[in-house]
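Structure first, commentary second.
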Amino acid sequence: MLPRVEHGKTVSCLQVGQASVSQKDVTEAKATNGVGSAWDVDFVLDTAGADALNRLAAAQLGKELAIEVGGVVYSAPQVHTGQFNGRGAINGLDEATAKHLASEMKSS
């Protein structure tokens with residue numbers, strides 16, 4: 001079980017399995033100002049990470065996919081596609097969380 005955090009506060013706990021993609025697979029992650037006051041983290045994966053995410057997404061269509069870094073679930077969106085082509089975005093964060101998450105995703 002890991003905590004799910006929104007806007008710096010634990011809102012629930014999720015049971016998660018073994019990670020399919022890790023920080024070592026992240027080649028780029030940056031916090032960007034999204035829609036309105038929400039912030040996003042845009043990320044790029046290396047080939048191994050992109051392949052792993054595509055396999056996981058295809059197997060989890062219609063289910064939640066936990067985005068966990070450092071033992072904290074920052075987002076758990078429902079998967080709507082099986083192909084991410086090595087890129088993704090985590091949406092709807094506050095500025096501090098987005099900057100922290102982008103920094104954590106890049107550190108390996």
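Each chain in the structure tokens gets a letter, A, B and so on, in the order shown; residues start at 1 in every chain, and ligands are counted from 1 in the order they appear.
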- DSSP strand (DSSP E or B) selection over chain A, as an NGL selection string: :A and (2-6 or 9-14 or 26-33 or 39-45 or 64 or 67-69 or 72-75 or 78 or 87-93)
- Message: Please determine, counting only C-alpha atoms, which residue among A:Glu104, A:Asp25, A:Glu68, A:Asp46 has the shortest atom-to-atom distance to Met1 in chain A.
- Response: A:Glu68
- Contacts of Gly88 in chain A at 8 Å (only C-alpha atoms; same-chain gap of 5+ positions) as a list of chain:residue names: A:Asp42, A:Phe43, A:Val44
Keeping only C-alpha atoms, write the selected residues as a compact mmCIF listing (two decimals), in the first residue's frame.
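The resulting file, selection_3.txt, is reproduced below:
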```txt
# COMPACT_ATOMS: atom_id res chain seq x y z
CA ASP A 42 5.80 16.24 -19.23
CA PHE A 43 8.20 13.31 -19.53
CA VAL A 44 10.14 11.33 -22.12
```
Return as CSV the residues of range 5-48 of chain A lying at most 9 Å from range 92-103 of chain A, together with the closest atom-to-atom pair for each and the distance in Å to one decimal, counting only C-alpha atoms, with rows in chain order and ascending residue number.
```
residue,atom,partner,partner_atom,distance
A:Glu6,CA,A:Leu93,CA,7.3
A:His7,CA,A:Asp94,CA,5.9
A:Gly8,CA,A:Thr97,CA,6.8
A:Glu28,CA,A:Ala102,CA,8.5
A:Ala29,CA,A:Ala102,CA,5.1
A:Lys30,CA,A:Ala102,CA,5.2
A:Ala31,CA,A:Lys99,CA,5.2
A:Thr32,CA,A:Ala98,CA,7.8
A:Asn33,CA,A:Glu95,CA,7.7
A:Gly34,CA,A:Gly92,CA,7.6
A:Val35,CA,A:Gly92,CA,8.2
A:Ser37,CA,A:Asp94,CA,7.5
A:Ala38,CA,A:Gly92,CA,4.9
A:Trp39,CA,A:Leu93,CA,4.9
A:Asp40,CA,A:Leu93,CA,6.0
A:Val41,CA,A:Ala98,CA,5.8
A:Asp42,CA,A:Ala102,CA,8.0
A:Phe43,CA,A:Ala102,CA,8.1
```
Let me see the file: selected residues, N, CA and C atoms, as a PDB file, in the first residue's frame.
```
ATOM      1  N   GLU A   6      -2.402  14.346  -3.325  1.00  0.00           N
ATOM      2  CA  GLU A   6      -2.908  15.413  -4.190  1.00  0.00           C
ATOM      3  C   GLU A   6      -2.734  16.727  -3.462  1.00  0.00           C
ATOM      4  N   HIS A   7      -2.122  17.673  -4.120  1.00  0.00           N
ATOM      5  CA  HIS A   7      -1.895  19.011  -3.562  1.00  0.00           C
ATOM      6  C   HIS A   7      -1.207  18.935  -2.202  1.00  0.00           C
ATOM      7  N   GLY A   8      -0.237  18.015  -2.101  1.00  0.00           N
ATOM      8  CA  GLY A   8       0.565  17.903  -0.897  1.00  0.00           C
ATOM      9  C   GLY A   8      -0.075  17.160   0.253  1.00  0.00           C
ATOM     10  N   GLU A  28      13.864  12.706 -19.755  1.00  0.00           N
ATOM     11  CA  GLU A  28      13.515  14.121 -19.584  1.00  0.00           C
ATOM     12  C   GLU A  28      12.216  14.210 -18.784  1.00  0.00           C
ATOM     13  N   ALA A  29      12.177  15.156 -17.865  1.00  0.00           N
ATOM     14  CA  ALA A  29      10.942  15.441 -17.124  1.00  0.00           C
ATOM     15  C   ALA A  29      10.961  16.913 -16.761  1.00  0.00           C
ATOM     16  N   LYS A  30       9.870  17.611 -17.076  1.00  0.00           N
ATOM     17  CA  LYS A  30       9.828  19.042 -16.743  1.00  0.00           C
ATOM     18  C   LYS A  30       8.426  19.448 -16.325  1.00  0.00           C
ATOM     19  N   ALA A  31       8.390  20.349 -15.364  1.00  0.00           N
ATOM     20  CA  ALA A  31       7.119  20.911 -14.893  1.00  0.00           C
ATOM     21  C   ALA A  31       6.727  22.041 -15.832  1.00  0.00           C
ATOM     22  N   THR A  32       5.464  22.037 -16.247  1.00  0.00           N
ATOM     23  CA  THR A  32       4.964  23.086 -17.134  1.00  0.00           C
ATOM     24  C   THR A  32       3.631  23.593 -16.607  1.00  0.00           C
ATOM     25  N   ASN A  33       3.359  24.860 -16.869  1.00  0.00           N
ATOM     26  CA  ASN A  33       2.081  25.436 -16.475  1.00  0.00           C
ATOM     27  C   ASN A  33       1.042  24.939 -17.453  1.00  0.00           C
ATOM     28  N   GLY A  34       0.060  24.207 -16.945  1.00  0.00           N
ATOM     29  CA  GLY A  34      -0.980  23.620 -17.792  1.00  0.00           C
ATOM     30  C   GLY A  34      -2.162  24.548 -17.933  1.00  0.00           C
ATOM     31  N   VAL A  35      -3.344  23.980 -17.893  1.00  0.00           N
ATOM     32  CA  VAL A  35      -4.581  24.722 -18.062  1.00  0.00           C
ATOM     33  C   VAL A  35      -4.947  25.423 -16.756  1.00  0.00           C
ATOM     34  N   SER A  37      -4.823  27.155 -13.403  1.00  0.00           N
ATOM     35  CA  SER A  37      -3.794  27.178 -12.368  1.00  0.00           C
ATOM     36  C   SER A  37      -3.125  25.822 -12.188  1.00  0.00           C
ATOM     37  N   ALA A  38      -3.556  24.816 -12.958  1.00  0.00           N
ATOM     38  CA  ALA A  38      -2.982  23.474 -12.838  1.00  0.00           C
ATOM     39  C   ALA A  38      -1.619  23.399 -13.521  1.00  0.00           C
ATOM     40  N   TRP A  39      -0.767  22.553 -12.977  1.00  0.00           N
ATOM     41  CA  TRP A  39       0.551  22.305 -13.541  1.00  0.00           C
ATOM     42  C   TRP A  39       0.630  20.861 -14.005  1.00  0.00           C
ATOM     43  N   ASP A  40       1.514  20.610 -14.968  1.00  0.00           N
ATOM     44  CA  ASP A  40       1.727  19.285 -15.523  1.00  0.00           C
ATOM     45  C   ASP A  40       3.202  18.916 -15.403  1.00  0.00           C
ATOM     46  N   VAL A  41       3.480  17.626 -15.494  1.00  0.00           N
ATOM     47  CA  VAL A  41       4.848  17.140 -15.672  1.00  0.00           C
ATOM     48  C   VAL A  41       4.862  16.375 -16.986  1.00  0.00           C
ATOM     49  N   ASP A  42       5.620  16.902 -17.941  1.00  0.00           N
ATOM     50  CA  ASP A  42       5.797  16.241 -19.226  1.00  0.00           C
ATOM     51  C   ASP A  42       7.067  15.406 -19.135  1.00  0.00           C
ATOM     52  N   PHE A  43       7.011  14.151 -19.626  1.00  0.00           N
ATOM     53  CA  PHE A  43       8.198  13.308 -19.528  1.00  0.00           C
ATOM     54  C   PHE A  43       8.432  12.520 -20.803  1.00  0.00           C
TER      55      PHE A  43
END
```
- Fewer than 5 positions away in the same chain doesn't count, so skip those; otherwise give me all residues within 6 Å of Gln78 in chain A, counting only C-alpha atoms, as a ChimeraX atom specification. /A:62-64
- Would you list the contacts of Ala50 in chain A as a list in words, taking every protein, DNA or RNA residue within 8 Å and counting only C-alpha atoms, but skipping same-chain residues closer than 2 positions in sequence?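 Answer for this query is Leu45, Asp46, Thr47, Ala48, Ala52, Leu53, Asn54, Phe84, Asn85, Gly86 and Arg87 of chain A.
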- Record the distance separating CA of Ala66 in chain A and CA of Thr27 in chain A, expressed in Å with one decimal.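 Between CA of Ala66 in chain A and CA of Thr27 in chain A the gap works out to 19.5 Å.
Pairwise distance (CA of Gly82 in chain A, CA of Ala57 in chain A) equals 4.7 Å.
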